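One structure below.
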Amino acid sequence: MQSEHVKIGTLQENLDRVEDILEDYLFRLDIKGKDAIRFNLLTEEALRLAKSITSDETAVELWFEGNARVSHICLMLESKLTPNKEEKFISISSSKENSADHTFFDDLKEFFIKPSKPTWSLAEYEAEVMKKRCADKYSEEAWGNLERSVLANLANDISVGVKDNHVLMIITKDFSKSLGTINSNRPLQTSSQIFVSSDEESLKKAYARVDGVVDEVKLSGKNALRVKLLLEETIGMVEEMTGDFSALLWLEQYKGECALKLVGNTKIDADKKYDILSLSTTGENALVHGFMGKLKDMIETGILNYESVMKLNQEYNGISVNYAGMGAYNDVSIATNPTAMSGFMWSMVDYRNGLDGERNTNEGVKAAWDELEKSIVASIADDVIVGVKNNKVQMTMIYKLKED
C-alpha cells in the first residue's frame, strides 16, 4: 500500500496534512498501539530532518509505503543546491575538526546537502562507527550520538541514495514481534566485533574470538554455550560463501534476549551463481542442504536480484519446496522499485509457519520441516531475520535467554 504524496514547501503549512495522511495510513493497515507511536516518532524525526535541510525554494515530497509488517517513510528532494545554499547548510553542522562534535544527525543531514557517494545506509554507518571506536578517542562520543538518536534507535534501516539530481531517503520500520525488544531498547551490553571473510586466516581468527565475544556480553552456562554455537554456525556459513564475502559480527544483550548481528558486503560472481542454479534442469537450486545452507543461498541469490531469490526451491524426494518464498515478508511494491533501494527480507519464523501449515499434506514440506527441526541454529534461535539489498547483507539472530 502507498499513501498519498504530499509536497512540503513551508513545513508548518503542511504539518496537519502529513498528520492526516499518516493517521489514514496507520488506520488502513491496522497499525496501532506502540507500533503506531513509534512510527509517529519516526515520522516526526524525518520531518525535523526535512526542515533542517530545506528552504522555502526547496520542496520535499513525503509519502508512506508498505504493509503492516514492514513500512517505510519516504522523503525525496533535489540534491543540487546553489553554492550559497550549500555553504549555509554546511555551516549548520560542525567544522569536523573534532569528530566528537559531529552527530549522527549531522552525518545524515550532510549526505542530503553534499553527498560524497551514491548510497548510504544506517547499518553500514553503524558498523563503521563500531569499528572506529577502538582506534579513535572521539568515536566513543559518535557512538553515543548514534545511540541517543531517535531516528537511529527506532528505524530498522535508513537508506539514502542519489539519482537524477534527486536524493531519496527511505526509513524502514519492521514490526516483526521477534524484533520488538531490539527495535525499542538499547542493549545492556554490546560486544566488540568479529571481522570475518572467506579466506582461511580470517576464519581462523574469527573462530578464536568466539569465546571472548560471548564473555563480553556477560553470558554464562547454557546461554553462553548456545550463543557460541550460533556464532560458530554463522562463521561457518561465511566460510561456505560462493564469492568474495566479508562481514562484521557482534552480540547485543537485552533484558531477557540476546541478538547476534551481522552486517556484510559481498562481490558474488553472478555468472558463477547462475551456473550453480543451471545445474538443475528447472534452473532451481536442488543441491542446497541444511538450514544454514538455505540462508547462504538466499543471501547469495538475493545479491543478484529479488526475482531470482523468490524462485529458490529445493527438491525433497522429487517434490519442490519454495524455501525462500515461504519466509519472505517484505513489501513487493518497494522491493521491485529500483529507486527504493530496498530488497529481500526473510524470517525463520515465517518459514517455519509456512512449513507447519502444509507438512501434514505435502511430503516434500514434511521433509523440509524435519530438516529444520534437526538444525542446530533453528533449534536454538527464536528467529533469524535476513535482509539483502544490492551487495549489502544484514542478519539478526534472536535468542531468548533461558534460566540456567
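Following the order of the C-alpha cells, first chain is A, next is B, and so on, with residues numbered from 1 inside each chain and ligands from 1 in the order they appear.
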
> Using only C-alpha atoms, which residues sit within 9 Å of A:Ala247 once same-chain residues fewer than 2 positions away are excluded, as a list in words?
Replying inline: Ile194, Phe195, Val196, Ser197, Val238, Phe245, Leu249, Leu262, Val263, Gly264, Asn265, Thr266 and Val393 of chain A

>> Just want the 12 Å neighbourhood of stretch 232-235 of chain A, counted on only C-alpha atoms, with same-chain residues fewer than 2 positions away dropped. Output as a ChimeraX atom specification.
In response: /A:194-200,202-211,213-214,225-230,237-241,245-250,260-264,290-293,295-296,375-378,380-381,384,395-397

>> If we count only C-alpha atoms and set the cut-off at 10 Å, which residues sit around A:Val70, ignoring sequence neighbours fewer than 6 positions away in its own chain? Please answer as a PyMOL selection string.
In response: chain A and resi 156+172-176+329-331+345

>> One decimal, in Å: what's the spacing between atom CA of A:Lys294 and atom CA of A:Asn313?
In response: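 Atom CA of A:Asn313 lies 9.6 Å from atom CA of A:Lys294.
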
> Taking the backbone alone, and naming residues the way the document does, which bits of stretch 310-395 of chain A are strand (DSSP E) by DSSP, as a list in words?
Replying inline: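 Across stretch 310-395 of chain A, those assigned strand (DSSP E) are Gln314, Glu315, Tyr316, Ile319, Ser320, Val321, Phe344, Met345, Trp346, Ser347, Asp383, Val384, Ile385, Val386, Gly387, Val388, Lys389, Lys392, Val393, Gln394 and Met395 of chain A.
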
Okay, now the selection with N, CA and C atoms, as a CSV table (one decimal), in the first residue's frame?
chain,number,residue,atom,x,y,z
A,314,GLN,N,14.0,-26.2,-3.2
A,314,GLN,CA,14.8,-27.4,-3.0
A,314,GLN,C,13.9,-28.6,-3.2
A,315,GLU,N,14.4,-29.6,-3.8
A,315,GLU,CA,13.7,-30.8,-4.0
A,315,GLU,C,13.9,-31.8,-2.8
A,316,TYR,N,12.7,-32.3,-2.3
A,316,TYR,CA,12.7,-33.4,-1.3
A,316,TYR,C,11.9,-34.5,-1.9
A,319,ILE,N,9.9,-33.7,-4.8
A,319,ILE,CA,8.9,-32.6,-4.6
A,319,ILE,C,9.6,-31.3,-4.3
A,320,SER,N,9.2,-30.3,-5.1
A,320,SER,CA,9.9,-29.0,-4.9
A,320,SER,C,9.3,-28.1,-3.8
A,321,VAL,N,10.1,-27.6,-2.9
A,321,VAL,CA,9.7,-26.7,-1.8
A,321,VAL,C,10.3,-25.4,-2.0
A,344,PHE,N,15.3,-7.9,-0.4
A,344,PHE,CA,14.7,-9.1,0.0
A,344,PHE,C,14.8,-9.3,1.5
A,345,MET,N,13.7,-9.6,2.2
A,345,MET,CA,13.6,-9.8,3.6
A,345,MET,C,13.0,-11.2,3.9
A,346,TRP,N,13.6,-11.9,4.9
A,346,TRP,CA,13.1,-13.3,5.1
A,346,TRP,C,13.2,-13.5,6.6
A,347,SER,N,12.3,-14.3,7.1
A,347,SER,CA,12.3,-14.6,8.6
A,347,SER,C,12.1,-16.1,8.8
A,383,ASP,N,14.3,-16.6,16.3
A,383,ASP,CA,14.1,-16.1,14.9
A,383,ASP,C,15.4,-15.7,14.3
A,384,VAL,N,15.4,-15.8,13.0
A,384,VAL,CA,16.5,-15.3,12.2
A,384,VAL,C,15.9,-14.4,11.1
A,385,ILE,N,16.3,-13.2,11.1
A,385,ILE,CA,15.9,-12.2,10.1
A,385,ILE,C,17.0,-11.9,9.2
A,386,VAL,N,16.7,-12.0,7.9
A,386,VAL,CA,17.8,-11.8,6.9
A,386,VAL,C,17.3,-10.7,5.9
A,387,GLY,N,18.1,-9.7,5.7
A,387,GLY,CA,17.8,-8.6,4.7
A,387,GLY,C,18.9,-8.5,3.8
A,388,VAL,N,18.6,-8.4,2.5
A,388,VAL,CA,19.6,-8.3,1.4
A,388,VAL,C,19.2,-7.2,0.4
A,389,LYS,N,20.0,-6.3,0.1
A,389,LYS,CA,19.8,-5.3,-0.9
A,389,LYS,C,21.1,-4.9,-1.5
A,392,LYS,N,24.7,-5.5,0.0
A,392,LYS,CA,24.7,-5.4,1.4
A,392,LYS,C,23.8,-6.5,2.0
A,393,VAL,N,24.3,-7.0,3.1
A,393,VAL,CA,23.6,-8.1,3.8
A,393,VAL,C,23.5,-7.7,5.3
A,394,GLN,N,22.3,-7.9,5.9
A,394,GLN,CA,22.1,-7.7,7.3
A,394,GLN,C,21.4,-9.0,7.8
A,395,MET,N,21.8,-9.5,8.9
A,395,MET,CA,21.2,-10.6,9.5
A,395,MET,C,21.1,-10.5,11.0

Tell me, as an mmCIF file with C-alpha atoms, in the first residue's frame, which residues lie within 12 Å of A:Phe64, counting only C-alpha atoms; anything in the same chain fewer than 4 positions away does not count.
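out.cif was written with the following content:
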data_model
loop_
_atom_site.group_PDB
_atom_site.id
_atom_site.type_symbol
_atom_site.label_atom_id
_atom_site.label_comp_id
_atom_site.auth_asym_id
_atom_site.auth_seq_id
_atom_site.Cartn_x
_atom_site.Cartn_y
_atom_site.Cartn_z
ATOM 1 C CA MET A 1 0.000 0.000 0.000
ATOM 2 C CA GLN A 2 1.161 3.525 -0.765
ATOM 3 C CA SER A 3 -0.215 6.671 0.826
ATOM 4 C CA GLU A 4 -0.955 9.965 -0.830
ATOM 5 C CA HIS A 5 2.171 12.001 -1.607
ATOM 6 C CA VAL A 6 2.458 15.441 -0.039
ATOM 7 C CA VAL A 18 1.063 14.993 6.852
ATOM 8 C CA GLU A 19 -0.564 14.005 10.146
ATOM 9 C CA ASP A 20 -3.870 13.270 8.375
ATOM 10 C CA ILE A 21 -2.149 11.106 5.742
ATOM 11 C CA LEU A 22 -0.180 9.237 8.416
ATOM 12 C CA GLU A 23 -3.285 8.639 10.524
ATOM 13 C CA ASP A 24 -5.126 7.267 7.495
ATOM 14 C CA TYR A 25 -2.142 5.049 6.549
ATOM 15 C CA LEU A 26 -1.896 3.553 10.036
ATOM 16 C CA ARG A 28 -5.894 1.241 6.863
ATOM 17 C CA LEU A 29 -3.050 -1.130 7.781
ATOM 18 C CA PHE A 39 6.094 5.110 13.562
ATOM 19 C CA ASN A 40 4.729 8.536 14.518
ATOM 20 C CA LEU A 42 9.990 8.255 13.217
ATOM 21 C CA THR A 43 7.847 10.499 11.017
ATOM 22 C CA ALA A 46 12.024 12.638 9.368
ATOM 23 C CA ALA A 68 1.500 -3.972 8.460
ATOM 24 C CA VAL A 70 7.237 -3.565 7.055
ATOM 25 C CA SER A 71 6.527 0.110 6.447
ATOM 26 C CA HIS A 72 8.617 2.923 5.001
ATOM 27 C CA ILE A 73 8.734 6.683 5.387
ATOM 28 C CA CYS A 74 9.912 8.110 2.069
ATOM 29 C CA LEU A 75 11.421 11.570 1.544
ATOM 30 C CA MET A 76 12.574 12.943 -1.810
ATOM 31 C CA MET A 169 15.686 8.681 1.822
ATOM 32 C CA ILE A 170 13.728 5.627 2.941
ATOM 33 C CA ILE A 171 13.302 4.972 6.659
ATOM 34 C CA THR A 172 12.274 1.357 7.225
ATOM 35 C CA LYS A 173 10.339 0.080 10.234
ATOM 36 C CA SER A 333 5.953 -2.711 -4.358
ATOM 37 C CA ILE A 334 9.031 -1.308 -2.627
#

>> Ranking A:Asn67, A:Gly325, A:Asp356, A:Asp244 by minimum distance to A:Lys311 and counting only C-alpha atoms, which one comes first?
In response: A:Gly325

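Atom CA of A:Arg38 is positioned 11.1 Å from atom CA of A:Gly180.
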
> Can you list, as a list in words, every protein, DNA or RNA residue that comes within 7 Å of A:Cys258 when you count only C-alpha atoms, leaving out same-chain residues fewer than 2 positions away?
Replying inline: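 In the requested form, the answer reads Glu252, Gln253, Tyr254, Leu260, Ile398, Tyr399, Lys400 and Leu401 of chain A.
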
For N, CA and C atoms, I'd like the residues from the last selection saved as a PDB file, in the first residue's frame.
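Saved as selection_14.pdb:
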ATOM      1  N   GLU A 252      24.624  -8.426  21.031  1.00  0.00           N
ATOM      2  CA  GLU A 252      23.980  -7.425  21.880  1.00  0.00           C
ATOM      3  C   GLU A 252      23.103  -8.160  22.886  1.00  0.00           C
ATOM      4  N   GLN A 253      23.219  -7.797  24.156  1.00  0.00           N
ATOM      5  CA  GLN A 253      22.365  -8.414  25.160  1.00  0.00           C
ATOM      6  C   GLN A 253      21.324  -7.408  25.640  1.00  0.00           C
ATOM      7  N   TYR A 254      20.085  -7.847  25.647  1.00  0.00           N
ATOM      8  CA  TYR A 254      18.954  -7.066  26.138  1.00  0.00           C
ATOM      9  C   TYR A 254      18.370  -7.787  27.342  1.00  0.00           C
ATOM     10  N   LEU A 260      22.421 -11.731  17.815  1.00  0.00           N
ATOM     11  CA  LEU A 260      23.637 -11.808  17.026  1.00  0.00           C
ATOM     12  C   LEU A 260      23.405 -10.968  15.780  1.00  0.00           C
ATOM     13  N   ILE A 398      17.947 -13.959  16.892  1.00  0.00           N
ATOM     14  CA  ILE A 398      17.412 -13.593  18.198  1.00  0.00           C
ATOM     15  C   ILE A 398      17.318 -14.848  19.057  1.00  0.00           C
ATOM     16  N   TYR A 399      17.871 -14.741  20.272  1.00  0.00           N
ATOM     17  CA  TYR A 399      17.857 -15.850  21.211  1.00  0.00           C
ATOM     18  C   TYR A 399      17.313 -15.362  22.545  1.00  0.00           C
ATOM     19  N   LYS A 400      16.235 -15.989  23.013  1.00  0.00           N
ATOM     20  CA  LYS A 400      15.668 -15.645  24.305  1.00  0.00           C
ATOM     21  C   LYS A 400      16.432 -16.375  25.389  1.00  0.00           C
ATOM     22  N   LEU A 401      16.981 -15.611  26.312  1.00  0.00           N
ATOM     23  CA  LEU A 401      17.811 -16.176  27.359  1.00  0.00           C
ATOM     24  C   LEU A 401      17.008 -17.111  28.259  1.00  0.00           C
TER      25      LEU A 401
END

>> Env of A:Asn317: 10 Å cut, atoms = only C-alpha atoms, seq-sep filter 4 positions within chain, self excluded. Answer as a list in words.
In response: Glu363, Gly364 and Ala367 of chain A

> If you measure from atom CA of A:Asn183 to atom CA of A:Ala155, what distance in Å do you get, rounded to one decimal?
Replying inline: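 Between atom CA of A:Asn183 and atom CA of A:Ala155 the gap is 7.4 Å.
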
> From the list A:Glu371, A:Trp63, A:Lys255, A:Ala50, which residue is nearest A:Arg17 when using only C-alpha atoms?
Replying inline: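 The answer is A:Trp63, which sits nearest to A:Arg17.
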